[in-house]
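One structure is given below, encoded as structure tokens.
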Amino acid sequence: MTVLSRDDYGRYSRQLLVAEMDEVKQQALSHAEVVIVGLGGLGCAVAPYLAGAGVGRLRLVDGDEVELSNLPRQPLYGEPDIGEAKASVASQRLRDINRTLSVQCHATRLVKSNAESLLRGASVVLDCTDNMASRQLINQVCYQLGIPLISSAASGMQGQLLLLHPHQAHGCYRCLYAPAQSEPNTCLAQGVLGPVVGIVGIMQALQTLLFITAMAPLNWGELRLFDGLSGQWQALKLPPLEGCPVCGENNADYS
Amino acid sequence: MQITVNDKVTEVVEGLSLKQLIEDLSVDENGLALAVNQQVINRTLWPQHALHADDQVTLFTVVAGG
């Protein structure tokens, strides 16, 4: 087993001091590949913590450009970045945080035709997108490819985090919400307060680190609701929907 | 019988369905999801899901923003 370099000991010294962490877990982080789809408020919260913690390979996917209205809640960007591709600005910031990482920049929107190639090979996929169609597509492709999916969302004062593992017998995003239902709330319709989306993204980053290092088992199939007004989290279980077109074949064992 | 809806004690008739509860409460169904006793119940099951005394119903809106 390769030991950590002297630089790595220095860089990661504080997290290596955490009782549940060790060098093997640090190496698990460096060998992991995480795809972050969406580099808005959620992606900006999750990405720097993963880069900082030493997740070895990060794949960033977002087809948008930085806008003035992004700046209150997307701290990877500044005024000089307006008009630039979010994926390339974010990649540069993450390399500034940790030059030992491999950061792949995909300045493109994830759509049906490219979804498989963008997600394939990931240790875990983080859904940080801002619309229902992308969320359903990511859910579907992660189940096809058997990749764990940590999905976060925020709007208004509400945040939601969903932990999905295609090899476990719980429901999926499609079981929570059908694509045929009306478009639920988005930041464009409802607004959002920066720290609300930040808290959910940072919780997503924490769950990702726990998963990759196996520091703690994740509660797969759990939907967590965050209320920004009270600061309270609530945990719900998501059972599989019988005959679900996405996870239906895998959900027979749920109890 | 009594149930709670988002922590508020509510008196409803025995065996009321979730579908009927939503209609009685006149909740906006746009983006609505719900859980009974911390288990999410898919919308397609609302008409057949009968409530029991002391059930805890959680109504929430699915958000998709990011």
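Residue numbering restarts at 1 in every chain; chains get A, B, ... in the order shown in the structure tokens, and ligands count up from 1 in that same order.
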
- prompt: Where does DSSP see strand (DSSP E) in segment 87-174 of chain A, if you list the residues as a PyMOL selection string?
  reply: chain A and resi 102-106+124-127+149-155+158-164

task: Give me the residues within 7 Å of segment 2-5 of chain B as a list in words, counting only C-alpha atoms and dropping any in the same chain fewer than 3 places off.
output: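 My reading of the contact set: Lys8, Val9, Thr10, Glu11, Val12, Ala53, Asp54, Asp55, Gln56, Val57 and Thr58 of chain B.
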
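Among A:Asp22, A:Cys142, A:His106, A:Gly198, the residue with the shortest atom-to-atom distance to Leu76 of chain A, counting only C-alpha atoms, is A:Gly198.
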
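All chain A residues having an atom within 7 Å of chain B, based on only C-alpha atoms, amount to Gly40, Gly41, Leu42, Cys128, Thr129, Asp130, Asn131, Met132, Ala153, Ala154, Ser155, Cys175, Leu176, Ser182, Glu183, Pro184, Asn185, Thr186, Cys187, Val197, Leu236, Lys237, Leu238, Pro239 and Leu241 of chain A.
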
Please dump the current selection as a PDB file, in the first residue's frame; keep C-alpha atoms.
ATOM      1  CA  GLY A  40     -25.190  26.404  -9.269  1.00  0.00           C
ATOM      2  CA  GLY A  41     -25.792  26.957  -5.567  1.00  0.00           C
ATOM      3  CA  LEU A  42     -25.635  23.252  -4.711  1.00  0.00           C
ATOM      4  CA  CYS A 128     -27.062  19.378  -8.152  1.00  0.00           C
ATOM      5  CA  THR A 129     -29.264  20.376 -11.082  1.00  0.00           C
ATOM      6  CA  ASP A 130     -32.079  22.905 -11.128  1.00  0.00           C
ATOM      7  CA  ASN A 131     -34.897  21.189 -12.975  1.00  0.00           C
ATOM      8  CA  MET A 132     -37.115  18.115 -12.908  1.00  0.00           C
ATOM      9  CA  ALA A 153     -32.425  20.275  -4.235  1.00  0.00           C
ATOM     10  CA  ALA A 154     -33.441  23.632  -2.812  1.00  0.00           C
ATOM     11  CA  SER A 155     -35.999  26.314  -3.457  1.00  0.00           C
ATOM     12  CA  CYS A 175     -41.054   6.667  -7.080  1.00  0.00           C
ATOM     13  CA  LEU A 176     -41.042  10.025  -5.309  1.00  0.00           C
ATOM     14  CA  SER A 182     -46.336  19.419 -13.019  1.00  0.00           C
ATOM     15  CA  GLU A 183     -42.919  21.016 -12.683  1.00  0.00           C
ATOM     16  CA  PRO A 184     -42.318  21.446  -8.964  1.00  0.00           C
ATOM     17  CA  ASN A 185     -40.755  24.457  -7.409  1.00  0.00           C
ATOM     18  CA  THR A 186     -37.487  25.783  -8.775  1.00  0.00           C
ATOM     19  CA  CYS A 187     -35.303  28.730  -7.796  1.00  0.00           C
ATOM     20  CA  VAL A 197     -28.995  25.907  -0.798  1.00  0.00           C
ATOM     21  CA  LEU A 236     -38.485  10.103   5.586  1.00  0.00           C
ATOM     22  CA  LYS A 237     -38.194   6.648   4.039  1.00  0.00           C
ATOM     23  CA  LEU A 238     -38.832   6.239   0.330  1.00  0.00           C
ATOM     24  CA  PRO A 239     -40.373   2.841  -0.432  1.00  0.00           C
ATOM     25  CA  LEU A 241     -43.405   1.992  -6.104  1.00  0.00           C
TER      26      LEU A 241
END

query: Which one of A:Leu118, A:Asn219, A:Thr108, A:Ala47 sits closest to Arg93 of chain A if you count only C-alpha atoms?
result: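 The shortest atom-to-atom distance to Arg93 of chain A comes from A:Ala47.
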
task: Give the helix (DSSP H, G or I) residues of chain B, as assigned by DSSP on the backbone, as a list of chain:residue names.
output: B:Leu18, B:Lys19, B:Gln20, B:Leu21, B:Ile22, B:Glu23, B:Asp24, B:Leu25, B:Arg43, B:Thr44, B:Leu45

If you keep N, CA and C atoms, can you produce a file of those selected residues as an mmCIF file, in the first residue's frame?
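Saved file again.cif follows:
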data_model
loop_
_atom_site.group_PDB
_atom_site.id
_atom_site.type_symbol
_atom_site.label_atom_id
_atom_site.label_comp_id
_atom_site.auth_asym_id
_atom_site.auth_seq_id
_atom_site.Cartn_x
_atom_site.Cartn_y
_atom_site.Cartn_z
ATOM 1 N N LEU B 18 -56.152 9.199 1.842
ATOM 2 C CA LEU B 18 -55.236 10.341 1.697
ATOM 3 C C LEU B 18 -55.749 11.320 0.647
ATOM 4 N N LYS B 19 -56.303 10.771 -0.409
ATOM 5 C CA LYS B 19 -56.836 11.605 -1.491
ATOM 6 C C LYS B 19 -57.925 12.539 -0.947
ATOM 7 N N GLN B 20 -58.797 11.949 -0.115
ATOM 8 C CA GLN B 20 -59.892 12.733 0.460
ATOM 9 C C GLN B 20 -59.350 13.776 1.440
ATOM 10 N N LEU B 21 -58.347 13.377 2.210
ATOM 11 C CA LEU B 21 -57.746 14.324 3.161
ATOM 12 C C LEU B 21 -57.205 15.558 2.441
ATOM 13 N N ILE B 22 -56.492 15.320 1.330
ATOM 14 C CA ILE B 22 -55.908 16.433 0.566
ATOM 15 C C ILE B 22 -57.024 17.339 0.046
ATOM 16 N N GLU B 23 -58.097 16.719 -0.430
ATOM 17 C CA GLU B 23 -59.210 17.522 -0.948
ATOM 18 C C GLU B 23 -59.880 18.305 0.171
ATOM 19 N N ASP B 24 -60.074 17.659 1.327
ATOM 20 C CA ASP B 24 -60.717 18.331 2.458
ATOM 21 C C ASP B 24 -59.889 19.522 2.950
ATOM 22 N N LEU B 25 -58.562 19.368 2.887
ATOM 23 C CA LEU B 25 -57.688 20.440 3.386
ATOM 24 C C LEU B 25 -57.489 21.543 2.347
ATOM 25 N N ARG B 43 -48.153 9.289 -5.072
ATOM 26 C CA ARG B 43 -49.432 9.919 -5.383
ATOM 27 C C ARG B 43 -50.474 8.932 -5.935
ATOM 28 N N THR B 44 -49.998 7.950 -6.712
ATOM 29 C CA THR B 44 -50.942 6.996 -7.306
ATOM 30 C C THR B 44 -51.635 6.143 -6.242
ATOM 31 N N LEU B 45 -51.070 6.113 -5.028
ATOM 32 C CA LEU B 45 -51.654 5.284 -3.962
ATOM 33 C C LEU B 45 -52.563 6.077 -3.021
#

- line: Computed gap from atom CA of Gln144 of chain A to atom CA of Cys105 of chain A is 23.5 Å

query: Which distance in Å separates atom CA of Ser152 of chain A and atom CA of Ala51 of chain A, to one decimal?
result: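 Separation between atom CA of Ser152 of chain A and atom CA of Ala51 of chain A: 18.3 Å.
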
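Residues in contact with Arg11 of chain A at 12 Å, where only C-alpha atoms are counted and same-chain residues fewer than 2 positions away are skipped, are listed as Leu4, Ser5, Arg6, Asp7, Asp8, Tyr9, Ser13, Arg14, Gln15, Leu16, Leu17, Gln26, Ala51, Gly52, Ala53, Gly54, Ile97, Asn98, Arg99 and Thr100 of chain A.
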
Gap from atom CA of Leu39 of chain A to atom CA of Asp62 of chain A - Å, one decimal: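 Value for the atom CA of Leu39 of chain A-atom CA of Asp62 of chain A distance: 6.0 Å.
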
- request: Measuring atom to atom with only C-alpha atoms, identify which of A:Ser69, A:Gln181, A:Ser230, A:Gln160 is nearest to Ile199 of chain A.
  value: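 Ranked by minimum distance to Ile199 of chain A, first place goes to A:Gln160.
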